[in-house]
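Q: Next up, data-v4.pdb (PDB, C-alpha atoms).
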ATOM      1  CA  MET A   1       0.000   0.000   0.000
ATOM      2  CA  THR A   2       1.022   3.592  -0.526
ATOM      3  CA  LEU A   3      -0.510   6.258   1.708
ATOM      4  CA  ALA A   4      -0.798  10.022   1.252
ATOM      5  CA  LEU A   5      -1.601  10.856   4.868
ATOM      6  CA  SER A   6       1.271  13.139   5.857
ATOM      7  CA  ILE A   7       1.023  16.915   5.859
ATOM      8  CA  GLU A   8       2.909  18.737   3.110
ATOM      9  CA  PRO A   9       6.638  19.173   3.821
ATOM     10  CA  ALA A  10       6.311  22.997   3.950
ATOM     11  CA  ARG A  11       4.039  22.765   7.028
ATOM     12  CA  GLU A  12       6.268  20.453   9.060
ATOM     13  CA  ARG A  13       7.886  23.497  10.715
ATOM     14  CA  ASP A  14       4.468  24.379  12.197
ATOM     15  CA  LEU A  15       4.072  21.077  14.026
ATOM     16  CA  LEU A  16       3.685  21.350  17.800
ATOM     17  CA  SER A  17       3.808  17.591  18.322
ATOM     18  CA  ASP A  18       5.113  14.495  16.601
ATOM     19  CA  HIS A  19       3.515  13.567  13.294
ATOM     20  CA  ILE A  20       3.880   9.787  13.041
ATOM     21  CA  ILE A  21       1.635   7.402  11.138
ATOM     22  CA  ARG A  22       1.186   4.343  13.327
ATOM     23  CA  PHE A  23       0.113   0.848  12.353
ATOM     24  CA  THR A  24      -1.150  -2.103  14.335
ATOM     25  CA  LEU A  25       0.761  -5.384  14.157
ATOM     26  CA  ASN A  26       4.063  -3.434  14.150
ATOM     27  CA  VAL A  27       4.000  -3.162  10.370
ATOM     28  CA  PRO A  28       7.231  -1.526   9.148
ATOM     29  CA  SER A  29       6.899   1.555   6.963
ATOM     30  CA  ARG A  30       9.026   4.117   5.213
ATOM     31  CA  ASN A  31       8.377   7.532   3.704
ATOM     32  CA  TYR A  32       9.402   8.883   0.332
ATOM     33  CA  ILE A  33       8.775  12.066  -1.665
ATOM     34  CA  ASP A  34       6.817  11.457  -4.865
ATOM     35  CA  MET A  35       7.336  13.240  -8.201
ATOM     36  CA  LEU A  36       4.901  15.992  -7.161
ATOM     37  CA  GLY A  37       6.646  16.793  -3.871
ATOM     38  CA  ASN A  38       4.235  14.968  -1.580
ATOM     39  CA  THR A  39       5.323  12.872   1.399
ATOM     40  CA  CYS A  40       4.024   9.329   0.922
ATOM     41  CA  THR A  41       4.290   6.197   3.057
ATOM     42  CA  ARG A  42       4.910   2.632   1.863
ATOM     43  CA  ILE A  43       3.887  -0.511   3.723
ATOM     44  CA  VAL A  44       3.320  -4.177   3.019
ATOM     45  CA  ALA A  45       0.032  -4.906   4.763
ATOM     46  CA  PRO A  46      -0.336  -8.434   6.164
ATOM     47  CA  ALA A  47      -3.519 -10.417   5.727
ATOM     48  CA  GLY A  48      -6.273  -9.495   8.145
ATOM     49  CA  LEU A  49      -7.313  -6.266   9.810
ATOM     50  CA  ILE A  50      -4.816  -3.407   9.955
ATOM     51  CA  GLU A  51      -5.416  -0.076  11.695
ATOM     52  CA  ILE A  52      -3.721   3.125  10.521
ATOM     53  CA  ARG A  53      -3.698   6.070  12.924
ATOM     54  CA  ASN A  54      -2.201   9.521  13.219
ATOM     55  CA  GLU A  55      -2.703  12.290  15.771
ATOM     56  CA  PHE A  56      -0.870  15.607  15.846
ATOM     57  CA  LEU A  57      -1.085  19.268  16.807
ATOM     58  CA  ILE A  58      -0.155  21.989  14.332
ATOM     59  CA  SER A  59      -0.004  25.783  14.575
ATOM     60  CA  ASP A  60      -1.818  27.970  12.056
ATOM     61  CA  SER A  61      -1.938  31.721  11.514
ATOM     62  CA  GLY A  62      -5.714  31.896  11.891
ATOM     63  CA  LEU A  63      -5.921  33.917   8.675
ATOM     64  CA  PRO A  64      -8.380  33.033   5.888
ATOM     65  CA  ASP A  65      -7.324  32.082   2.362
ATOM     66  CA  ASP A  66      -5.648  34.892   0.432
ATOM     67  CA  VAL A  67      -7.851  36.936  -1.886
ATOM     68  CA  ALA A  68      -6.216  38.864  -4.750
ATOM     69  CA  PRO A  69      -8.823  40.320  -7.117
ATOM     70  CA  ASP A  70      -6.122  41.934  -9.269
ATOM     71  CA  ALA A  71      -4.113  38.743  -9.825
ATOM     72  CA  ARG A  72      -3.671  38.383 -13.550
ATOM     73  CA  GLN A  73      -3.769  35.330 -15.781
ATOM     74  CA  LEU A  74      -0.398  34.676 -17.382
ATOM     75  CA  ASP A  75      -0.070  33.861 -21.054
ATOM     76  CA  VAL A  76       0.936  30.253 -21.630
ATOM     77  CA  ALA A  77       4.286  31.438 -22.985
ATOM     78  CA  GLU A  78       5.007  33.086 -19.601
ATOM     79  CA  LEU A  79       4.372  29.988 -17.489
ATOM     80  CA  PRO A  80       7.252  28.124 -15.811
ATOM     81  CA  ASP A  81       8.029  24.722 -17.277
ATOM     82  CA  ASP A  82       6.924  22.816 -14.173
ATOM     83  CA  VAL A  83       3.483  24.450 -14.243
ATOM     84  CA  LEU A  84       2.575  23.350 -17.782
ATOM     85  CA  VAL A  85       1.516  19.864 -16.645
ATOM     86  CA  TYR A  86      -1.392  21.491 -14.793
ATOM     87  CA  LEU A  87      -2.870  22.655 -18.106
ATOM     88  CA  LEU A  88      -3.252  19.102 -19.400
ATOM     89  CA  GLY A  89      -6.149  16.715 -19.120
ATOM     90  CA  SER A  90      -5.787  13.924 -16.557
ATOM     91  CA  ARG A  91      -7.646  10.854 -15.347
ATOM     92  CA  TYR A  92     -10.557  12.708 -13.712
ATOM     93  CA  CYS A  93     -10.142  16.066 -15.459
ATOM     94  CA  ASP A  94     -11.382  15.324 -18.976
ATOM     95  CA  THR A  95     -10.697  18.721 -20.542
ATOM     96  CA  GLN A  96     -11.551  17.618 -24.084
ATOM     97  CA  LYS A  97     -15.191  17.125 -23.089
ATOM     98  CA  LEU A  98     -15.600  20.514 -21.396
ATOM     99  CA  SER A  99     -13.451  22.870 -23.488
ATOM    100  CA  ASP A 100     -16.228  24.239 -25.700
ATOM    101  CA  LEU A 101     -18.516  24.724 -22.697
ATOM    102  CA  ALA A 102     -15.783  26.516 -20.756
ATOM    103  CA  TRP A 103     -15.075  29.015 -23.527
ATOM    104  CA  SER A 104     -18.794  29.670 -24.054
ATOM    105  CA  LEU A 105     -19.300  30.349 -20.330
ATOM    106  CA  PHE A 106     -16.096  32.143 -19.356
ATOM    107  CA  GLY A 107     -14.556  33.470 -22.546
ATOM    108  CA  HIS A 108     -16.107  36.895 -21.915
ATOM    109  CA  VAL A 109     -15.018  37.043 -18.239
ATOM    110  CA  THR A 110     -11.968  39.162 -17.369
ATOM    111  CA  PRO A 111      -8.928  36.840 -17.374
ATOM    112  CA  GLY A 112      -7.294  36.243 -14.013
ATOM    113  CA  TRP A 113      -8.891  36.162 -10.587
ATOM    114  CA  GLN A 114     -12.336  37.127 -11.860
ATOM    115  CA  ARG A 115     -12.339  34.248 -14.344
ATOM    116  CA  VAL A 116     -11.300  31.666 -11.724
ATOM    117  CA  GLN A 117     -13.909  32.997  -9.303
ATOM    118  CA  ALA A 118     -16.564  32.768 -12.019
ATOM    119  CA  ILE A 119     -15.583  29.139 -12.545
ATOM    120  CA  CYS A 120     -15.873  28.511  -8.785
ATOM    121  CA  ASP A 121     -19.305  30.141  -8.731
ATOM    122  CA  TYR A 122     -20.439  27.961 -11.609
ATOM    123  CA  ALA A 123     -19.168  24.692 -10.108
ATOM    124  CA  HIS A 124     -20.609  25.639  -6.704
ATOM    125  CA  GLN A 125     -24.039  26.176  -8.237
ATOM    126  CA  ARG A 126     -23.882  23.296 -10.705
ATOM    127  CA  ILE A 127     -23.194  20.465  -8.255
ATOM    128  CA  SER A 128     -25.299  19.501  -5.253
ATOM    129  CA  PHE A 129     -23.236  18.202  -2.321
ATOM    130  CA  GLY A 130     -24.055  15.000  -0.480
ATOM    131  CA  TYR A 131     -21.917  12.197   0.999
ATOM    132  CA  HIS A 132     -24.347   9.655  -0.426
ATOM    133  CA  HIS A 133     -23.415  10.929  -3.893
ATOM    134  CA  ALA A 134     -19.771   9.834  -3.514
ATOM    135  CA  ARG A 135     -18.398   7.765  -6.381
ATOM    136  CA  CYS A 136     -14.718   6.980  -6.768
ATOM    137  CA  ASP A 137     -14.607   7.014 -10.574
ATOM    138  CA  ARG A 138     -16.663  10.125 -11.430
ATOM    139  CA  THR A 139     -14.918  12.452 -13.883
ATOM    140  CA  ALA A 140     -15.361  16.221 -14.119
ATOM    141  CA  PHE A 141     -17.611  15.851 -17.149
ATOM    142  CA  GLU A 142     -19.750  13.232 -15.414
ATOM    143  CA  GLY A 143     -20.018  15.436 -12.328
ATOM    144  CA  HIS A 144     -21.132  18.304 -14.535
ATOM    145  CA  GLU A 145     -23.808  16.168 -16.162
ATOM    146  CA  GLU A 146     -24.981  14.333 -13.024
ATOM    147  CA  ARG A 147     -24.959  17.572 -10.977
ATOM    148  CA  VAL A 148     -24.230  15.733  -7.707
ATOM    149  CA  GLY A 149     -21.054  14.877  -5.847
ATOM    150  CA  VAL A 150     -18.711  15.438  -2.926
ATOM    151  CA  CYS A 151     -15.851  17.903  -2.487
ATOM    152  CA  ARG A 152     -13.580  16.073  -4.942
ATOM    153  CA  ASP A 153     -16.208  16.472  -7.668
ATOM    154  CA  PHE A 154     -16.434  20.228  -7.097
ATOM    155  CA  ALA A 155     -12.643  20.427  -7.281
ATOM    156  CA  HIS A 156     -12.364  18.258 -10.395
ATOM    157  CA  LEU A 157     -14.946  20.326 -12.266
ATOM    158  CA  ALA A 158     -13.340  23.650 -11.351
ATOM    159  CA  VAL A 159      -9.820  22.385 -12.109
ATOM    160  CA  THR A 160     -10.943  21.112 -15.507
ATOM    161  CA  LEU A 161     -12.720  24.331 -16.466
ATOM    162  CA  CYS A 162      -9.651  26.346 -15.442
ATOM    163  CA  ARG A 163      -7.376  24.200 -17.575
ATOM    164  CA  CYS A 164      -9.755  24.571 -20.505
ATOM    165  CA  MET A 165      -9.262  28.347 -20.147
ATOM    166  CA  ASN A 166      -5.443  27.969 -20.091
ATOM    167  CA  ILE A 167      -5.257  28.583 -16.332
ATOM    168  CA  PRO A 168      -3.000  26.045 -14.564
ATOM    169  CA  ALA A 169      -4.916  24.340 -11.763
ATOM    170  CA  ARG A 170      -4.016  21.550  -9.357
ATOM    171  CA  TYR A 171      -6.016  19.366  -6.990
ATOM    172  CA  CYS A 172      -5.424  19.548  -3.214
ATOM    173  CA  THR A 173      -6.401  17.254  -0.378
ATOM    174  CA  GLY A 174      -6.079  17.875   3.338
ATOM    175  CA  TYR A 175      -7.717  18.855   6.609
ATOM    176  CA  LEU A 176     -10.347  21.597   6.865
ATOM    177  CA  GLY A 177     -11.986  21.989  10.254
ATOM    178  CA  ASP A 178     -15.076  24.046  11.079
ATOM    179  CA  ILE A 179     -13.096  27.132  12.101
ATOM    180  CA  GLY A 180     -14.791  30.517  11.744
ATOM    181  CA  VAL A 181     -17.926  28.907  10.308
ATOM    182  CA  PRO A 182     -21.020  27.203  11.778
ATOM    183  CA  VAL A 183     -20.272  23.644  12.862
ATOM    184  CA  ASP A 184     -21.311  21.107  10.237
ATOM    185  CA  PRO A 185     -23.354  18.340  11.879
ATOM    186  CA  ALA A 186     -22.158  15.795   9.308
ATOM    187  CA  PRO A 187     -19.232  13.518  10.216
ATOM    188  CA  MET A 188     -15.834  15.116   9.577
ATOM    189  CA  ASP A 189     -13.820  14.019   6.572
ATOM    190  CA  PHE A 190     -10.738  14.948   4.628
ATOM    191  CA  SER A 191     -11.458  17.807   2.236
ATOM    192  CA  ALA A 192     -10.596  18.595  -1.374
ATOM    193  CA  TRP A 193     -10.057  22.003  -2.959
ATOM    194  CA  PHE A 194      -7.782  23.370  -5.673
ATOM    195  CA  GLU A 195      -5.129  25.942  -6.464
ATOM    196  CA  ALA A 196      -4.896  28.138  -9.560
ATOM    197  CA  TYR A 197      -1.666  29.654 -10.841
ATOM    198  CA  LEU A 198      -2.098  33.416 -11.251
ATOM    199  CA  ASP A 199       0.442  36.238 -11.342
ATOM    200  CA  GLY A 200       3.349  33.920 -10.700
ATOM    201  CA  ARG A 201       2.049  32.020  -7.650
ATOM    202  CA  TRP A 202      -0.552  29.484  -6.555
ATOM    203  CA  TYR A 203      -3.798  30.710  -4.963
ATOM    204  CA  THR A 204      -6.300  28.609  -3.029
ATOM    205  CA  PHE A 205      -9.876  28.263  -4.285
ATOM    206  CA  ASP A 206     -12.700  26.086  -2.958
ATOM    207  CA  ALA A 207     -15.618  25.444  -5.289
ATOM    208  CA  ARG A 208     -17.587  23.502  -2.689
ATOM    209  CA  HIS A 209     -17.598  26.124   0.079
ATOM    210  CA  ASN A 210     -16.895  29.056  -2.266
ATOM    211  CA  HIS A 211     -15.577  31.476   0.340
ATOM    212  CA  PRO A 212     -12.227  31.914   2.122
ATOM    213  CA  ARG A 213     -11.699  29.494   4.987
ATOM    214  CA  ILE A 214      -9.397  29.367   8.001
ATOM    215  CA  GLY A 215      -7.069  26.529   8.894
ATOM    216  CA  ARG A 216      -6.507  24.523   5.720
ATOM    217  CA  ILE A 217      -3.787  21.931   6.238
ATOM    218  CA  VAL A 218      -2.605  20.517   2.919
ATOM    219  CA  MET A 219      -1.582  16.880   2.797
ATOM    220  CA  ALA A 220      -0.893  16.509  -0.914
ATOM    221  CA  ARG A 221      -1.292  18.150  -4.328
ATOM    222  CA  GLY A 222      -1.583  16.590  -7.765
ATOM    223  CA  ARG A 223      -3.175  16.619 -11.180
ATOM    224  CA  ASP A 224      -6.358  15.114  -9.739
ATOM    225  CA  ALA A 225      -7.509  12.735  -7.005
ATOM    226  CA  ALA A 226      -5.646   9.793  -8.532
ATOM    227  CA  ASP A 227      -2.310  11.457  -7.687
ATOM    228  CA  VAL A 228      -3.180  12.061  -4.037
ATOM    229  CA  ALA A 229      -5.325   9.094  -3.034
ATOM    230  CA  ILE A 230      -5.385   8.607   0.734
ATOM    231  CA  SER A 231      -4.467   4.976   0.109
ATOM    232  CA  THR A 232      -3.534   3.036  -3.003
ATOM    233  CA  THR A 233      -3.622  -0.735  -2.697
ATOM    234  CA  PHE A 234      -1.870  -3.222  -4.940
ATOM    235  CA  GLY A 235      -4.163  -6.098  -4.101
ATOM    236  CA  VAL A 236      -7.569  -6.648  -2.549
ATOM    237  CA  ALA A 237      -8.406  -4.424   0.440
ATOM    238  CA  GLN A 238     -11.703  -3.514   2.054
ATOM    239  CA  LEU A 239     -12.205  -0.308   4.045
ATOM    240  CA  VAL A 240     -13.955  -1.243   7.289
ATOM    241  CA  LYS A 241     -13.976   2.077   9.167
ATOM    242  CA  PHE A 242     -12.832   5.613   8.472
ATOM    243  CA  THR A 243     -12.774   8.521  10.949
ATOM    244  CA  VAL A 244     -11.329  12.033  10.603
ATOM    245  CA  ILE A 245     -11.411  14.580  13.435
ATOM    246  CA  THR A 246     -10.052  18.124  13.047
ATOM    247  CA  GLU A 247     -10.544  20.381  16.047
ATOM    248  CA  GLU A 248      -9.498  23.954  16.787
ATOM    249  CA  VAL A 249      -7.410  24.639  19.876
ATOM    250  CA  VAL A 250      -7.152  28.349  20.661
ATOM    251  CA  SER A 251      -3.695  28.937  22.122
ATOM    252  CA  ALA A 252      -3.092  32.689  21.881
ATOM    253  CA  PRO A 253      -4.701  35.811  20.384
ATOM    254  CA  GLY A 254      -4.289  35.751  16.614
ATOM    255  CA  GLN A 255      -3.033  32.166  16.563
ATOM    256  CA  ILE A 256      -4.816  28.866  16.431
ATOM    257  CA  SER A 257      -3.700  25.291  16.611
ATOM    258  CA  GLN A 258      -5.454  22.286  15.216
ATOM    259  CA  ALA A 259      -5.596  18.778  16.556
ATOM    260  CA  ALA A 260      -6.070  16.338  13.710
TER     261      ALA A 260
END
Rewrite the structure of this file - the entire thing - as structure tokens.
A:
Amino acid sequence: MTLALSIEPARERDLLSDHIIRFTLNVPSRNYIDMLGNTCTRIVAPAGLIEIRNEFLISDSGLPDDVAPDARQLDVAELPDDVLVYLLGSRYCDTQKLSDLAWSLFGHVTPGWQRVQAICDYAHQRISFGYHHARCDRTAFEGHEERVGVCRDFAHLAVTLCRCMNIPARYCTGYLGDIGVPVDPAPMDFSAWFEAYLDGRWYTFDARHNHPRIGRIVMARGRDAADVAISTTFGVAQLVKFTVITEEVVSAPGQISQAA
């Protein structure tokens, strides 16, 4: 099995406790950095039940996602080489099926931040959220047509529409607690959002919630959900139970910590 359950390397300096993925049965493991810069874990899982756990405390600024209405869209010729891959279609981001729609909907919108926000607005309104709508093989086009999904489907649709408009976009997975917003009565889960490359840097966007949030903790980034799957198994495996808890711990004015 390979696991994408560690926080991104850039946030390790914010840890206030150990961040160790633990396994029952004393299963040995080792970490590696994948081609996209994510910390992944490898194990050989024995037959039978195996439990995978992690608990840590991390400091966060308490500030919401950056908003930059004047951020401009770069011409493709201006983009760094390593960003170009995020313009291409991928397993769940079937750009060829949505390109004409994207240009008809957003071709008249001011390039840059306004265009990405318009795409977020559209995806937010197009898809109805519900955990019972989850499907592991739904593509962006299918999500657009079915009009139902979970956070990954919102992200896949927005990422795909951005790429169709020549805006590099990448898929993100991580923790997002109910900080600064009403508590969601539904069970907690990992969350998915995306980043768009504007004005020479990556900005966070969230088509499901569609407003800046506090306390995002990125675990991994990729072309789509296939690159950052929580677990990838090379053999038969059945998920028996899955629990995610992300809680705010107020430690000082202007600073928050999260227990995850």
Q: Kindly give the distance, in Å, that separates atom CA of A:Arg13 and atom CA of A:Asn54, rounded to a single decimal.
A: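 Going from atom CA of A:Arg13 over to atom CA of A:Asn54 covers 17.4 Å.
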Q: Residue by residue, what does the PyMOL selection byres ((chain A and resi 131) around 12) grab here? Present the result as a PyMOL selection string.
A: chain A and resi 128-130+132-136+148-153+186-189+191
Q: Could you tell me, as a ChimeraX atom specification, exactly which residues end up selected when the PyMOL selection byres ((chain A and resi 96-101) around 8) is applied to this structure?
A: /A:89,94-95,102-105,141,160-161,164-165
Q: For this structure, which residues satisfy the selection - the PyMOL selection byres ((chain A and resi 70) around 10) - when it is evaluated on the file as given? I want them as a list in words.
A: Val67, Ala68, Pro69, Ala71, Arg72, Gln73, Pro111, Gly112, Trp113, Gln114, Leu198 and Asp199 of chain A
Q: Around all of stretch 109-115 of chain A's listed atoms, make the axis-aligned box with 8 Å on each side and tell me centre and edge lengths in Å to one decimal, as lines of an AutoDock Vina configuration file.
A:
center_x = -11.2
center_y = 36.7
center_z = -14.4
size_x = 23.7
size_y = 20.9
size_z = 23.7
Q: Would you mind telling me which residue in A:Gln117, A:Asn38, A:Thr246, A:Thr139 lies nearest to A:Gly215 when using only C-alpha atoms?
A: A:Thr246
Q: Kindly indicate which residue among A:Cys93, A:Leu74, A:Cys120, A:Leu239 lies nearest to A:Ala140, using only C-alpha atoms for the distances.
A: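 Of all the options, A:Cys93 lies closest to A:Ala140.
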Q: Go ahead and compute the interatomic distance for atom CA of A:Glu195 and atom CA of A:Val83, in Å to one decimal.
A: 11.7 Å
Q: Within 10 Å of A:Val240, counting only C-alpha atoms, which residues qualify if same-chain residues fewer than 2 places away don't, as a PDB file with C-alpha atoms, in the frame of the given file?
A:
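Saved the output as part-v5.pdb:
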ATOM      1  CA  LEU A  49      -7.313  -6.266   9.810  1.00  0.00           C
ATOM      2  CA  ILE A  50      -4.816  -3.407   9.955  1.00  0.00           C
ATOM      3  CA  GLU A  51      -5.416  -0.076  11.695  1.00  0.00           C
ATOM      4  CA  ALA A 237      -8.406  -4.424   0.440  1.00  0.00           C
ATOM      5  CA  GLN A 238     -11.703  -3.514   2.054  1.00  0.00           C
ATOM      6  CA  PHE A 242     -12.832   5.613   8.472  1.00  0.00           C
TER       7      PHE A 242
END
Q: In terms of the shortest atom-to-atom distance over only C-alpha atoms, which of A:Arg22, A:Arg11, A:Arg115, A:His108 is closest to A:Leu57?
A: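 Checking each of A:Arg22, A:Arg11, A:Arg115, A:His108 against A:Leu57, counting only C-alpha atoms, the winner is A:Arg11.
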Q: Separation of atom CA of A:Tyr122 and atom CA of A:Ala158, in Å?
A: 8.3 Å
Q: Using all atoms listed in the file, determine which residues lie at most 7 Å from stretch 218-235 of chain A, disregarding the query and same-chain residues fewer than 3 positions distant; provide the list as an NGL selection string.
A: :A and (1-8 or 36 or 38 or 86 or 90 or 92-93 or 156 or 170-175)
Q: Calculated over all atoms listed in the file, which of the candidates A:Leu87, A:Ala192, A:Ala47, A:Ile58 has the smallest distance to A:Arg208?
A: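 Using all atoms listed in the file, A:Arg208 sits closest to A:Ala192.
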Q: May I have the protein, DNA and RNA residues with an atom at most 12 Å from (3.5, 22.9, -18.8), counting all atoms listed in the file in the file's coordinates, returned as a PDB file with C-alpha atoms, keeping the file's coordinate frame?
A:
ATOM      1  CA  ASP A  75      -0.070  33.861 -21.054  1.00  0.00           C
ATOM      2  CA  VAL A  76       0.936  30.253 -21.630  1.00  0.00           C
ATOM      3  CA  ALA A  77       4.286  31.438 -22.985  1.00  0.00           C
ATOM      4  CA  GLU A  78       5.007  33.086 -19.601  1.00  0.00           C
ATOM      5  CA  LEU A  79       4.372  29.988 -17.489  1.00  0.00           C
ATOM      6  CA  PRO A  80       7.252  28.124 -15.811  1.00  0.00           C
ATOM      7  CA  ASP A  81       8.029  24.722 -17.277  1.00  0.00           C
ATOM      8  CA  ASP A  82       6.924  22.816 -14.173  1.00  0.00           C
ATOM      9  CA  VAL A  83       3.483  24.450 -14.243  1.00  0.00           C
ATOM     10  CA  LEU A  84       2.575  23.350 -17.782  1.00  0.00           C
ATOM     11  CA  VAL A  85       1.516  19.864 -16.645  1.00  0.00           C
ATOM     12  CA  TYR A  86      -1.392  21.491 -14.793  1.00  0.00           C
ATOM     13  CA  LEU A  87      -2.870  22.655 -18.106  1.00  0.00           C
ATOM     14  CA  LEU A  88      -3.252  19.102 -19.400  1.00  0.00           C
ATOM     15  CA  GLY A  89      -6.149  16.715 -19.120  1.00  0.00           C
ATOM     16  CA  ARG A 163      -7.376  24.200 -17.575  1.00  0.00           C
ATOM     17  CA  ASN A 166      -5.443  27.969 -20.091  1.00  0.00           C
ATOM     18  CA  ILE A 167      -5.257  28.583 -16.332  1.00  0.00           C
ATOM     19  CA  PRO A 168      -3.000  26.045 -14.564  1.00  0.00           C
ATOM     20  CA  ALA A 169      -4.916  24.340 -11.763  1.00  0.00           C
ATOM     21  CA  TYR A 197      -1.666  29.654 -10.841  1.00  0.00           C
ATOM     22  CA  ARG A 223      -3.175  16.619 -11.180  1.00  0.00           C
TER      23      ARG A 223
END
Q: With N, CA and C atoms as the goal, would you fill in the gaps in stretch 207-219 of chain A and present it as an mmCIF file, in the frame of the given file?
A:
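Contents of out_21.cif, freshly written:
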data_model
loop_
_atom_site.group_PDB
_atom_site.id
_atom_site.type_symbol
_atom_site.label_atom_id
_atom_site.label_comp_id
_atom_site.auth_asym_id
_atom_site.auth_seq_id
_atom_site.Cartn_x
_atom_site.Cartn_y
_atom_site.Cartn_z
ATOM 1 N N ALA A 207 -14.341 25.366 -4.586
ATOM 2 C CA ALA A 207 -15.618 25.444 -5.289
ATOM 3 C C ALA A 207 -16.769 24.895 -4.455
ATOM 4 N N ARG A 208 -16.488 24.018 -3.517
ATOM 5 C CA ARG A 208 -17.587 23.502 -2.689
ATOM 6 C C ARG A 208 -18.084 24.571 -1.714
ATOM 7 N N HIS A 209 -17.187 25.138 -0.912
ATOM 8 C CA HIS A 209 -17.598 26.124 0.079
ATOM 9 C C HIS A 209 -17.706 27.521 -0.521
ATOM 10 N N ASN A 210 -16.852 27.826 -1.487
ATOM 11 C CA ASN A 210 -16.895 29.056 -2.266
ATOM 12 C C ASN A 210 -16.750 30.325 -1.438
ATOM 13 N N HIS A 211 -15.982 30.267 -0.380
ATOM 14 C CA HIS A 211 -15.577 31.476 0.340
ATOM 15 C C HIS A 211 -14.303 31.155 1.130
ATOM 16 N N PRO A 212 -13.495 32.168 1.426
ATOM 17 C CA PRO A 212 -12.227 31.914 2.122
ATOM 18 C C PRO A 212 -12.456 31.214 3.457
ATOM 19 N N ARG A 213 -11.591 30.247 3.748
ATOM 20 C CA ARG A 213 -11.699 29.494 4.987
ATOM 21 C C ARG A 213 -10.413 29.605 5.788
ATOM 22 N N ILE A 214 -10.525 29.317 7.076
ATOM 23 C CA ILE A 214 -9.397 29.367 8.001
ATOM 24 C C ILE A 214 -8.927 27.948 8.299
ATOM 25 N N GLY A 215 -7.614 27.772 8.369
ATOM 26 C CA GLY A 215 -7.069 26.529 8.894
ATOM 27 C C GLY A 215 -6.955 25.373 7.927
ATOM 28 N N ARG A 216 -6.751 25.635 6.645
ATOM 29 C CA ARG A 216 -6.507 24.523 5.720
ATOM 30 C C ARG A 216 -5.121 23.931 5.994
ATOM 31 N N ILE A 217 -5.061 22.624 6.065
ATOM 32 C CA ILE A 217 -3.787 21.931 6.238
ATOM 33 C C ILE A 217 -3.640 20.974 5.054
ATOM 34 N N VAL A 218 -2.781 21.332 4.122
ATOM 35 C CA VAL A 218 -2.605 20.517 2.919
ATOM 36 C C VAL A 218 -1.842 19.240 3.256
ATOM 37 N N MET A 219 -2.338 18.127 2.741
ATOM 38 C CA MET A 219 -1.582 16.880 2.797
ATOM 39 C C MET A 219 -0.836 16.655 1.481
#
